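Here's data.csv, which has CSV, C-alpha atoms:
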```
chain,number,residue,atom,x,y,z
A,1,MET,CA,11.2,13.6,-18.4
A,2,LYS,CA,13.5,13.3,-21.5
A,3,GLU,CA,15.6,10.4,-20.5
A,4,GLU,CA,14.3,7.1,-21.9
A,5,LYS,CA,16.0,4.8,-19.5
A,6,ILE,CA,14.1,3.6,-16.4
A,7,TRP,CA,17.0,3.2,-13.8
A,8,ASN,CA,18.2,6.8,-13.7
A,9,LYS,CA,19.6,8.3,-10.5
A,10,GLY,CA,16.3,9.9,-9.4
A,11,PHE,CA,14.1,6.9,-10.0
A,12,THR,CA,16.7,4.5,-8.4
A,13,THR,CA,17.1,6.7,-5.3
A,14,VAL,CA,13.4,7.2,-4.7
A,15,THR,CA,12.8,3.4,-5.2
A,16,LEU,CA,15.4,2.6,-2.6
A,17,SER,CA,14.0,5.1,-0.2
A,18,HIS,CA,10.4,3.8,-0.6
A,19,SER,CA,11.6,0.3,-0.2
A,20,LEU,CA,13.4,1.1,3.1
A,21,VAL,CA,10.4,2.9,4.6
A,22,SER,CA,8.2,0.0,3.4
A,23,LEU,CA,10.5,-2.5,5.1
A,24,GLY,CA,9.9,-0.7,8.4
A,25,ALA,CA,6.1,-0.5,7.8
A,26,TYR,CA,5.8,-4.2,6.9
A,27,MET,CA,7.8,-5.1,10.0
A,28,VAL,CA,5.1,-3.4,12.0
A,29,ILE,CA,2.0,-4.5,10.1
A,30,PRO,CA,1.9,-8.2,11.3
A,31,THR,CA,3.3,-7.5,14.7
A,32,ILE,CA,1.1,-4.6,15.8
A,33,PRO,CA,-2.0,-6.8,16.1
A,34,LEU,CA,0.1,-9.3,18.2
A,35,PHE,CA,1.4,-6.3,20.3
A,36,LEU,CA,-2.1,-5.1,20.9
A,37,VAL,CA,-3.3,-8.6,21.9
A,38,SER,CA,-0.4,-8.7,24.4
A,39,LEU,CA,-1.8,-5.5,25.9
A,40,GLY,CA,-5.3,-7.0,26.2
A,41,ALA,CA,-7.0,-6.0,22.9
A,42,THR,CA,-9.6,-8.2,21.2
A,43,GLU,CA,-10.0,-8.7,17.4
A,44,SER,CA,-12.6,-5.9,17.2
A,45,VAL,CA,-10.2,-3.5,19.0
A,46,VAL,CA,-7.4,-4.5,16.7
A,47,GLY,CA,-9.7,-3.6,13.8
A,48,ILE,CA,-10.6,-0.2,15.4
A,49,VAL,CA,-6.9,0.7,15.9
A,50,ALA,CA,-6.3,-0.3,12.2
A,51,THR,CA,-9.2,2.0,11.2
A,52,ALA,CA,-7.7,4.9,13.2
A,53,TYR,CA,-4.5,4.4,11.3
A,54,TYR,CA,-6.2,4.3,7.9
A,55,ILE,CA,-8.3,7.4,8.5
A,56,SER,CA,-5.2,9.3,9.5
A,57,SER,CA,-3.4,8.2,6.4
A,58,ILE,CA,-6.4,8.9,4.1
A,59,LEU,CA,-6.8,12.4,5.4
A,60,THR,CA,-3.1,13.1,5.0
A,61,ARG,CA,-3.0,11.7,1.5
A,62,PHE,CA,-5.9,13.9,0.4
A,63,LEU,CA,-4.3,17.0,1.8
A,64,ILE,CA,-0.6,16.3,0.9
A,65,ASN,CA,-0.9,18.0,-2.5
A,66,LEU,CA,-1.5,21.3,-0.7
A,67,VAL,CA,1.7,20.8,1.3
A,68,ILE,CA,3.7,19.8,-1.8
A,69,ALA,CA,2.7,23.1,-3.5
A,70,ARG,CA,4.3,25.1,-0.7
A,71,VAL,CA,7.4,23.1,0.3
A,72,GLY,CA,8.0,20.8,-2.7
A,73,LYS,CA,7.9,17.0,-3.0
A,74,LYS,CA,11.5,16.4,-1.7
A,75,ARG,CA,11.1,18.3,1.6
A,76,ALA,CA,7.6,16.8,2.2
A,77,LEU,CA,8.9,13.3,1.6
A,78,ILE,CA,11.9,13.8,4.0
A,79,ALA,CA,9.5,15.1,6.7
A,80,GLY,CA,7.2,12.1,6.3
A,81,LEU,CA,10.1,9.6,6.5
A,82,PHE,CA,11.5,11.2,9.6
A,83,LEU,CA,8.1,11.1,11.2
A,84,CYS,CA,7.8,7.4,10.5
A,85,SER,CA,11.2,6.8,12.0
A,86,ILE,CA,10.3,8.6,15.3
A,87,VAL,CA,6.9,6.8,15.6
A,88,MET,CA,8.3,3.3,15.0
A,89,ALA,CA,10.9,3.8,17.8
A,90,SER,CA,8.2,5.1,20.1
A,91,TYR,CA,6.1,1.9,19.8
A,92,GLY,CA,8.6,0.1,22.1
A,93,PHE,CA,7.7,2.5,24.9
A,94,ALA,CA,3.9,2.2,24.6
A,95,GLU,CA,2.3,0.5,27.5
A,96,SER,CA,-1.4,0.7,26.6
A,97,VAL,CA,-3.8,0.1,23.7
A,98,ALA,CA,-4.6,3.9,23.7
A,99,ALA,CA,-0.9,4.8,23.4
A,100,VAL,CA,-0.5,2.4,20.4
A,101,ALA,CA,-3.6,3.8,18.8
A,102,ALA,CA,-2.3,7.3,19.1
A,103,LEU,CA,1.1,6.3,17.6
A,104,ARG,CA,-0.7,4.5,14.8
A,105,ILE,CA,-2.6,7.7,13.9
A,106,ILE,CA,0.7,9.6,13.8
A,107,GLN,CA,2.3,6.9,11.7
A,108,GLY,CA,-0.6,7.1,9.3
A,109,MET,CA,0.3,10.7,8.7
A,110,GLY,CA,4.0,10.0,8.1
A,111,LEU,CA,3.6,6.9,5.9
A,112,GLY,CA,0.6,8.3,4.1
A,113,SER,CA,2.6,11.4,3.0
A,114,ALA,CA,5.8,9.5,2.3
A,115,SER,CA,4.4,6.7,0.2
A,116,THR,CA,2.2,9.1,-1.8
A,117,ILE,CA,5.1,11.4,-2.7
A,118,ALA,CA,7.5,8.6,-3.3
A,119,VAL,CA,5.3,7.1,-6.0
A,120,THR,CA,4.7,10.5,-7.5
A,121,LEU,CA,8.4,11.3,-7.7
A,122,ALA,CA,9.1,7.8,-9.2
A,123,VAL,CA,6.6,8.5,-12.0
A,124,ASP,CA,8.1,12.0,-12.5
A,125,PHE,CA,11.5,10.4,-13.2
A,126,LEU,CA,10.1,7.9,-15.7
A,127,PRO,CA,9.6,8.3,-19.4
A,128,ASP,CA,5.9,8.2,-20.3
A,129,SER,CA,6.3,5.4,-22.7
A,130,ARG,CA,7.6,3.1,-19.9
A,131,ARG,CA,5.5,4.2,-17.0
A,132,GLY,CA,3.7,0.9,-16.4
A,133,GLN,CA,6.9,-1.1,-16.6
A,134,GLY,CA,8.8,1.4,-14.4
A,135,LEU,CA,6.1,1.6,-11.7
A,136,GLY,CA,6.1,-2.2,-11.7
A,137,TYR,CA,9.8,-2.1,-11.0
A,138,HIS,CA,9.4,0.6,-8.3
A,139,THR,CA,6.8,-1.5,-6.5
A,140,MET,CA,9.2,-4.5,-6.6
A,141,GLY,CA,11.2,-2.8,-3.9
A,142,ILE,CA,8.1,-2.8,-1.8
A,143,VAL,CA,7.6,-6.4,-2.6
A,144,VAL,CA,11.0,-7.2,-1.3
A,145,ALA,CA,10.2,-5.3,1.8
A,146,MET,CA,7.0,-7.3,2.2
A,147,THR,CA,9.1,-10.5,1.9
A,148,ILE,CA,11.8,-9.6,4.4
A,149,GLY,CA,9.8,-7.3,6.8
A,150,PRO,CA,7.1,-9.6,8.3
A,151,ALA,CA,9.4,-12.7,8.5
A,152,PHE,CA,12.3,-10.7,10.1
A,153,ALA,CA,9.9,-8.9,12.5
A,154,LEU,CA,8.3,-12.2,13.6
A,155,PHE,CA,11.7,-13.7,14.1
A,156,LEU,CA,12.9,-10.7,16.2
A,157,ARG,CA,9.6,-10.7,18.2
A,158,SER,CA,9.9,-14.4,19.0
A,159,ASN,CA,13.6,-14.3,20.0
A,160,PHE,CA,14.2,-10.8,21.4
A,161,GLY,CA,10.8,-9.2,22.0
A,162,PHE,CA,9.1,-6.2,20.5
A,163,MET,CA,11.5,-3.4,21.4
A,164,PRO,CA,14.5,-4.5,19.1
A,165,MET,CA,12.0,-5.1,16.3
A,166,PHE,CA,10.6,-1.6,16.6
A,167,LEU,CA,14.0,0.0,16.8
A,168,ILE,CA,15.2,-1.8,13.6
A,169,ALA,CA,12.1,-0.7,11.8
A,170,SER,CA,12.8,2.9,12.9
A,171,CYS,CA,16.4,2.7,11.6
A,172,SER,CA,15.1,1.6,8.2
A,173,SER,CA,12.9,4.6,7.9
A,174,LEU,CA,15.7,6.9,9.1
A,175,ILE,CA,18.0,5.6,6.3
A,176,ALA,CA,15.2,6.1,3.8
A,177,ALA,CA,15.0,9.8,4.8
A,178,ILE,CA,18.8,10.3,4.4
A,179,THR,CA,18.8,8.8,0.9
A,180,VAL,CA,16.3,11.4,-0.4
A,181,PHE,CA,18.8,14.3,0.3
A,182,PHE,CA,20.8,13.0,-2.7
A,183,ILE,CA,18.2,13.7,-5.4
A,184,ASP,CA,17.1,16.8,-7.2
A,185,GLU,CA,13.3,17.3,-7.6
A,186,PRO,CA,12.4,17.0,-11.3
A,187,GLN,CA,10.6,19.8,-13.1
A,188,ILE,CA,7.3,18.9,-14.7
A,189,ILE,CA,6.7,20.8,-17.9
A,190,THR,CA,3.1,21.5,-19.1
A,191,SER,CA,1.6,24.0,-21.5
A,192,GLU,CA,0.5,26.4,-18.8
A,193,PRO,CA,2.8,29.3,-17.7
A,194,GLN,CA,4.8,28.4,-14.5
A,195,GLY,CA,3.2,31.2,-12.4
A,196,LYS,CA,-0.3,30.0,-13.3
A,197,GLN,CA,0.6,26.4,-12.4
A,198,GLU,CA,1.9,27.5,-9.0
A,199,GLU,CA,-1.1,29.7,-8.3
A,200,LYS,CA,-3.5,26.8,-9.1
A,201,ALA,CA,-1.5,24.4,-7.0
A,202,LYS,CA,-1.5,26.6,-3.9
A,203,ALA,CA,-5.2,27.4,-4.1
A,204,VAL,CA,-7.3,25.7,-1.5
A,205,ASP,CA,-9.5,24.0,-4.1
A,206,TRP,CA,-11.1,20.5,-4.1
A,207,ARG,CA,-9.5,19.9,-7.5
A,208,ASN,CA,-6.1,20.0,-5.8
A,209,ILE,CA,-7.3,17.3,-3.4
A,210,TYR,CA,-9.4,15.0,-5.7
A,211,ASP,CA,-10.2,14.8,-9.4
A,212,ARG,CA,-13.6,13.6,-10.6
A,213,LYS,CA,-12.0,11.7,-13.4
A,214,LEU,CA,-10.9,9.3,-10.7
A,215,ILE,CA,-14.4,8.3,-9.4
A,216,ALA,CA,-14.7,5.0,-11.3
A,217,PRO,CA,-11.2,3.7,-10.4
A,218,SER,CA,-11.7,4.9,-6.8
A,219,VAL,CA,-14.7,2.6,-6.3
A,220,VAL,CA,-12.7,-0.3,-7.7
A,221,VAL,CA,-9.7,0.5,-5.5
A,222,LEU,CA,-11.8,0.8,-2.4
A,223,LEU,CA,-13.2,-2.8,-2.9
A,224,PHE,CA,-9.6,-4.0,-3.4
A,225,GLY,CA,-8.7,-2.3,-0.1
A,226,VAL,CA,-11.4,-4.2,1.7
A,227,CYS,CA,-10.0,-7.5,0.4
A,228,ARG,CA,-6.4,-6.5,1.1
A,229,SER,CA,-7.3,-5.7,4.8
A,230,VAL,CA,-7.9,-9.4,5.5
A,231,ASP,CA,-4.3,-10.8,5.7
A,232,MET,CA,-2.8,-7.4,6.6
A,233,ASN,CA,-4.6,-7.3,9.9
A,234,TYR,CA,-5.6,-10.9,10.8
A,235,ILE,CA,-3.4,-13.5,9.2
A,236,ALA,CA,-1.0,-13.6,12.2
A,237,ILE,CA,-3.7,-13.9,14.7
A,238,PHE,CA,-5.5,-16.5,12.6
A,239,ALA,CA,-2.4,-18.7,12.2
A,240,GLU,CA,-1.6,-18.6,16.0
A,241,GLU,CA,-5.2,-19.4,16.9
A,242,ARG,CA,-5.3,-22.4,14.5
A,243,ASN,CA,-1.8,-23.5,15.4
A,244,LEU,CA,-0.7,-23.3,11.8
A,245,GLU,CA,3.0,-23.4,11.2
A,246,PHE,CA,5.1,-21.5,8.7
A,247,LEU,CA,3.5,-18.1,9.3
A,248,SER,CA,6.8,-16.4,8.2
A,249,LEU,CA,6.8,-18.6,5.1
A,250,TYR,CA,3.3,-17.3,4.3
A,251,PHE,CA,4.8,-13.8,3.7
A,252,VAL,CA,7.7,-15.2,1.7
A,253,VAL,CA,5.4,-17.1,-0.7
A,254,GLN,CA,3.1,-14.2,-1.0
A,255,THR,CA,5.7,-11.6,-1.8
A,256,ALA,CA,7.9,-13.9,-4.0
A,257,THR,CA,4.7,-14.4,-6.1
A,258,MET,CA,4.2,-10.7,-6.2
A,259,PHE,CA,7.8,-10.1,-7.3
A,260,LEU,CA,7.7,-12.7,-10.1
A,261,ILE,CA,4.4,-11.5,-11.5
A,262,ARG,CA,5.5,-7.9,-11.6
A,263,LEU,CA,8.6,-8.9,-13.6
A,264,ILE,CA,6.2,-10.3,-16.2
A,265,ILE,CA,3.2,-8.0,-16.5
A,266,GLY,CA,4.7,-4.4,-16.8
A,267,PRO,CA,5.5,-4.4,-20.5
A,268,PHE,CA,2.4,-6.6,-21.2
A,269,VAL,CA,0.0,-4.0,-19.7
A,270,ASP,CA,1.7,-1.1,-21.5
A,271,LYS,CA,0.9,-2.8,-24.8
A,272,LYS,CA,-2.4,-4.6,-24.2
A,273,GLY,CA,-4.3,-2.4,-21.7
A,274,ARG,CA,-5.7,-2.9,-18.2
A,275,ASN,CA,-8.6,-5.2,-18.9
A,276,TRP,CA,-6.1,-8.0,-19.6
A,277,ILE,CA,-4.8,-7.8,-16.0
A,278,LEU,CA,-7.3,-6.1,-13.6
A,279,LEU,CA,-10.0,-8.8,-14.1
A,280,PRO,CA,-7.7,-11.8,-13.6
A,281,GLY,CA,-6.2,-9.9,-10.6
A,282,GLY,CA,-9.7,-9.7,-9.1
A,283,ALA,CA,-10.2,-13.5,-9.7
A,284,ALA,CA,-6.9,-14.2,-7.9
A,285,MET,CA,-8.1,-12.2,-4.9
A,286,LEU,CA,-11.3,-14.2,-4.9
A,287,ALA,CA,-9.4,-17.5,-5.0
A,288,PHE,CA,-7.2,-16.2,-2.1
A,289,LEU,CA,-10.1,-15.6,0.2
A,290,ILE,CA,-12.0,-18.7,-0.7
A,291,THR,CA,-8.8,-20.8,0.0
A,292,LEU,CA,-8.3,-19.2,3.4
A,293,SER,CA,-12.0,-19.8,4.3
A,294,LEU,CA,-11.3,-23.6,3.7
A,295,THR,CA,-7.9,-23.6,5.4
A,296,LYS,CA,-7.2,-26.3,8.0
A,297,THR,CA,-3.6,-27.0,7.3
A,298,SER,CA,-0.4,-24.9,6.8
A,299,ALA,CA,-0.2,-26.1,3.2
A,300,ALA,CA,-3.6,-24.6,2.5
A,301,MET,CA,-2.6,-21.4,4.1
A,302,LEU,CA,0.5,-21.2,1.9
A,303,LEU,CA,-1.7,-21.8,-1.2
A,304,GLY,CA,-3.8,-18.8,-0.1
A,305,ALA,CA,-0.5,-16.9,0.2
A,306,PHE,CA,0.2,-17.7,-3.5
A,307,PHE,CA,-3.2,-16.5,-4.7
A,308,SER,CA,-2.9,-13.4,-2.5
A,309,GLY,CA,0.5,-12.5,-3.9
A,310,LEU,CA,-0.8,-13.1,-7.4
A,311,GLY,CA,-3.8,-10.8,-6.9
A,312,ILE,CA,-1.9,-8.0,-5.0
A,313,GLY,CA,1.1,-8.2,-7.4
A,314,VAL,CA,-1.2,-7.7,-10.4
A,315,LEU,CA,-3.6,-5.1,-9.0
A,316,SER,CA,-1.6,-2.8,-6.9
A,317,PRO,CA,0.8,-1.3,-9.5
A,318,ASN,CA,-1.8,-1.4,-12.3
A,319,LEU,CA,-4.6,0.3,-10.4
A,320,GLN,CA,-2.1,3.1,-9.7
A,321,VAL,CA,-1.1,3.4,-13.4
A,322,TRP,CA,-4.8,3.5,-14.3
A,323,MET,CA,-5.4,6.4,-12.0
A,324,ILE,CA,-2.2,8.3,-12.8
A,325,SER,CA,-3.0,8.0,-16.6
A,326,LEU,CA,-6.3,9.8,-16.2
A,327,VAL,CA,-4.9,13.1,-14.8
A,328,ASN,CA,-2.7,16.0,-15.9
A,329,PRO,CA,1.0,15.4,-15.1
A,330,LYS,CA,0.9,18.2,-12.5
A,331,LYS,CA,-1.8,16.3,-10.6
A,332,ARG,CA,0.0,12.9,-10.4
A,333,SER,CA,0.3,13.4,-6.7
A,334,VAL,CA,-3.5,13.8,-6.5
A,335,ALA,CA,-3.9,10.5,-8.4
A,336,SER,CA,-1.3,8.7,-6.2
A,337,ALA,CA,-2.9,10.1,-3.1
A,338,SER,CA,-6.3,9.0,-4.3
A,339,TYR,CA,-5.1,5.4,-5.0
A,340,TYR,CA,-3.6,5.0,-1.5
A,341,SER,CA,-6.5,6.8,0.2
A,342,PHE,CA,-9.1,4.5,-1.3
A,343,VAL,CA,-7.1,1.4,-0.6
A,344,GLU,CA,-6.9,2.5,3.0
A,345,LEU,CA,-10.5,3.6,3.1
A,346,GLY,CA,-11.4,0.1,2.0
A,347,SER,CA,-9.1,-1.3,4.7
A,348,ALA,CA,-10.6,1.2,7.3
A,349,ILE,CA,-14.1,-0.2,6.4
A,350,GLY,CA,-13.0,-3.8,6.1
A,351,ALA,CA,-10.8,-4.2,9.2
A,352,PRO,CA,-13.3,-3.5,12.0
A,353,LEU,CA,-16.2,-5.2,10.1
A,354,LEU,CA,-14.2,-8.3,9.3
A,355,GLY,CA,-12.8,-8.3,12.9
A,356,LEU,CA,-16.3,-8.3,14.3
A,357,ALA,CA,-17.2,-11.2,11.9
A,358,ALA,CA,-14.2,-13.2,13.2
A,359,GLU,CA,-14.9,-12.4,16.8
A,360,ASN,CA,-18.6,-13.4,16.6
A,361,PHE,CA,-18.8,-16.0,13.9
A,362,GLY,CA,-15.2,-17.2,13.3
A,363,TYR,CA,-12.6,-16.8,10.7
A,364,THR,CA,-14.3,-19.0,8.1
A,365,VAL,CA,-17.2,-16.5,7.9
A,366,MET,CA,-14.7,-13.6,7.9
A,367,PHE,CA,-12.9,-14.9,4.9
A,368,ARG,CA,-16.1,-15.8,3.0
A,369,THR,CA,-17.3,-12.2,3.6
A,370,GLY,CA,-14.1,-11.0,2.1
A,371,ALA,CA,-14.7,-13.3,-0.9
A,372,CYS,CA,-18.1,-11.7,-1.5
A,373,VAL,CA,-16.3,-8.3,-1.7
A,374,ALA,CA,-13.8,-9.8,-4.2
A,375,LEU,CA,-16.7,-11.0,-6.3
A,376,LEU,CA,-18.2,-7.5,-6.1
A,377,TYR,CA,-14.9,-6.0,-7.3
A,378,ILE,CA,-15.1,-8.1,-10.4
A,379,ILE,CA,-18.7,-7.1,-11.1
A,380,VAL,CA,-18.1,-3.4,-10.4
A,381,TYR,CA,-15.0,-3.3,-12.6
A,382,ILE,CA,-16.9,-4.9,-15.5
A,383,ALA,CA,-19.8,-2.4,-15.0
A,384,ILE,CA,-17.9,0.9,-14.6
A,385,GLY,CA,-14.2,0.5,-15.0
A,386,ARG,CA,-13.6,-1.8,-18.0
A,387,GLU,CA,-11.5,-0.2,-20.8
A,388,LYS,CA,-13.9,0.3,-23.7
A,389,LYS,CA,-11.4,0.7,-26.6
A,390,PRO,CA,-8.4,-1.6,-27.1
A,391,ARG,CA,-5.0,0.1,-27.2
A,392,ASN,CA,-2.9,0.1,-30.3
A,393,THR,CA,-0.1,-2.4,-30.1
```

Written as structure tokens, how would this file's structure read?
Amino acid sequence: MKEEKIWNKGFTTVTLSHSLVSLGAYMVIPTIPLFLVSLGATESVVGIVATAYYISSILTRFLINLVIARVGKKRALIAGLFLCSIVMASYGFAESVAAVAALRIIQGMGLGSASTIAVTLAVDFLPDSRRGQGLGYHTMGIVVAMTIGPAFALFLRSNFGFMPMFLIASCSSLIAAITVFFIDEPQIITSEPQGKQEEKAKAVDWRNIYDRKLIAPSVVVLLFGVCRSVDMNYIAIFAEERNLEFLSLYFVVQTATMFLIRLIIGPFVDKKGRNWILLPGGAAMLAFLITLSLTKTSAAMLLGAFFSGLGIGVLSPNLQVWMISLVNPKKRSVASASYYSFVELGSAIGAPLLGLAAENFGYTVMFRTGACVALLYIIVYIAIGREKKPRNT
């Protein structure tokens, strides 16, 4: 990538596309648990369905690099986006928990591939010297989707029912697919001959699926995923059970905080290094879970939303940058897939276990269990992930 500006045509288009599919996804995230409950599911069943989605997404992310080697990033991204659109429209016709679970598995395949490739393409279009800043900007589009999506979906569900909400989410993903037709896939230049690069990429080799350089960050990301699974799967049910108001505002506060913090931290991280941000981000996640464990009022829930937005806004882009910086440029899709896979593996582990805790011991115990995981994140990062040498400023 020779161009030094961030907002070039390719980066801008991929960011828009990723934002649109994320809008559809975040419309579904808080409403699928409610949809499942309306079909007779319990909290533990909600967790199991979430796990099925995460496992599907994880497997797809790990294998997507083999698909990219054969069809290219652009075609694979378009296919994933179209699949998301079809599945989201199909939710409206589901009449059983089993049908929703099956659709969630298929959605995991579509969104798993689409989000992985979108981040990889975004990085490909960025100058190396501004990667942290650029990826922070890229994820701001997702933050906007997180702000609008849940609130809009809950409004549609309350006033018009589930079907219109699912159809609008589907249209968002369809438009995302169409935008990708207008970009040219960038060529990544390395020291290896082109033929040798293609031969390596197409080989069915574990190195095209995972890179051992990513082991330490993968453990840290997995723990982040467990913490992240709490409000993704249970905040809507928790708020309705406790009769807490302003659930839509929870997502607005959370994502507005994420948006603002990402405006600030990108250039800072590029200059100072990851220790200055990944440890405070873990502390913010700990504060978020402790706050929710003590929540009895809507105001306390919104304070939890602030801490959640702070933690996620700091950790999500910078954990990705950490993993991408460790691998060869040709393997950025492997690093991107690994980040999302281990976030979702953490969610796949956390969602059913935390759901069982909520079902058997109540939400206070569930949130405090999550807080213990956030504390473990901090300990593990200090032990195995901390940057040993300061960067040059």

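Those residues that approach Ala89 in chain A to within 7 Å, counting all atoms listed in the file, are Ser85, Ile86, Gly92, Phe166, Leu167 and Ser170 of chain A; same-chain residues fewer than 3 positions away are not listed.
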
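Nearest residue to Leu279 in chain A, choosing from A:Leu326, A:Val314, A:Arg212, A:Leu77 and counting only C-alpha atoms: A:Val314.
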
inquiry  = Using all atoms listed in the file, which protein or nucleic acid residues come within 8 Å of range 327-337 of chain A? Drop anything in the same chain fewer than 2 positions from it, and give the result as a list of chain:residue names.
reply    =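 In the requested format, the answer is A:Arg61, A:Phe62, A:Ile64, A:Asn65, A:Thr116, A:Ile117, A:Val119, A:Thr120, A:Ile188, A:Thr190, A:Asn208, A:Ile209, A:Tyr210, A:Asp211, A:Lys213, A:Leu214, A:Gln320, A:Met323, A:Ile324, A:Ser325, A:Tyr339, A:Tyr340, A:Ser341.
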
Selection export as an mmCIF file, keeping the file's coordinate frame, atoms kept: C-alpha atoms:
```cif
data_model
loop_
_atom_site.group_PDB
_atom_site.id
_atom_site.type_symbol
_atom_site.label_atom_id
_atom_site.label_comp_id
_atom_site.auth_asym_id
_atom_site.auth_seq_id
_atom_site.Cartn_x
_atom_site.Cartn_y
_atom_site.Cartn_z
ATOM 1 C CA ARG A 61 -3.000 11.700 1.500
ATOM 2 C CA PHE A 62 -5.900 13.900 0.400
ATOM 3 C CA ILE A 64 -0.600 16.300 0.900
ATOM 4 C CA ASN A 65 -0.900 18.000 -2.500
ATOM 5 C CA THR A 116 2.200 9.100 -1.800
ATOM 6 C CA ILE A 117 5.100 11.400 -2.700
ATOM 7 C CA VAL A 119 5.300 7.100 -6.000
ATOM 8 C CA THR A 120 4.700 10.500 -7.500
ATOM 9 C CA ILE A 188 7.300 18.900 -14.700
ATOM 10 C CA THR A 190 3.100 21.500 -19.100
ATOM 11 C CA ASN A 208 -6.100 20.000 -5.800
ATOM 12 C CA ILE A 209 -7.300 17.300 -3.400
ATOM 13 C CA TYR A 210 -9.400 15.000 -5.700
ATOM 14 C CA ASP A 211 -10.200 14.800 -9.400
ATOM 15 C CA LYS A 213 -12.000 11.700 -13.400
ATOM 16 C CA LEU A 214 -10.900 9.300 -10.700
ATOM 17 C CA GLN A 320 -2.100 3.100 -9.700
ATOM 18 C CA MET A 323 -5.400 6.400 -12.000
ATOM 19 C CA ILE A 324 -2.200 8.300 -12.800
ATOM 20 C CA SER A 325 -3.000 8.000 -16.600
ATOM 21 C CA TYR A 339 -5.100 5.400 -5.000
ATOM 22 C CA TYR A 340 -3.600 5.000 -1.500
ATOM 23 C CA SER A 341 -6.500 6.800 0.200
#
```

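One finds CA of Gly225 in chain A at 21.4 Å from CA of Ala239 in chain A.
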
request  = Would you mind listing what lies within 9 Å of Leu135 in chain A as a list in words, with all atoms listed in the file counted and same-chain residues fewer than 5 positions away left out?
outcome  =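 Everything that qualifies: Val119, Ala122, Val123, Leu126, Arg130, Met140, Gly266, Pro317, Asn318, Gln320 and Val321 of chain A.
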
key: All residues 10 Å or closer to Thr255 in chain A, only C-alpha atoms, same chain fewer than 2 positions away omitted, as a list in words   =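 Here the qualifying residues turn out to be Met140, Ile142, Val143, Val144, Ala145, Met146, Thr147, Ile148, Leu249, Tyr250, Phe251, Val252, Val253, Thr257, Met258, Phe259, Leu260, Ile261, Ala305, Phe306, Ser308, Gly309, Leu310, Ile312 and Gly313 of chain A.
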
ask   = A:Ala358, A:Leu375, A:Leu154, A:Leu345: which is nearest Glu43 in chain A, counting all atoms listed in the file?
value = A:Ala358

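The space separating CA of Leu376 in chain A from CA of Gly282 in chain A comes to 9.3 Å.
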
task = Between A:Ala357, A:Pro352, A:Ala383, A:Thr364, single out the one closest to Leu294 in chain A, counting all atoms listed in the file.
result =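 Ranked by minimum distance to Leu294 in chain A, first place goes to A:Thr364.
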
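Counting all atoms listed in the file, the residue from A:Leu247, A:Ile237, A:Ala153, A:Ile378 that sits nearest to Ser38 in chain A is A:Ile237.
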
Using all atoms listed in the file: which of A:Ile215, A:Ala287, A:Leu20, A:Ala52 has the shortest distance to Ala169 in chain A = A:Leu20

ask   = For Ile6 in chain A, which residue out of A:Tyr137, A:Phe82, A:Phe35, A:Tyr53 is the nearest one, using all atoms listed in the file?
value = A:Tyr137

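Taking CA of Ile29 in chain A as the reference point, CA of Met163 in chain A is found at 14.8 Å.
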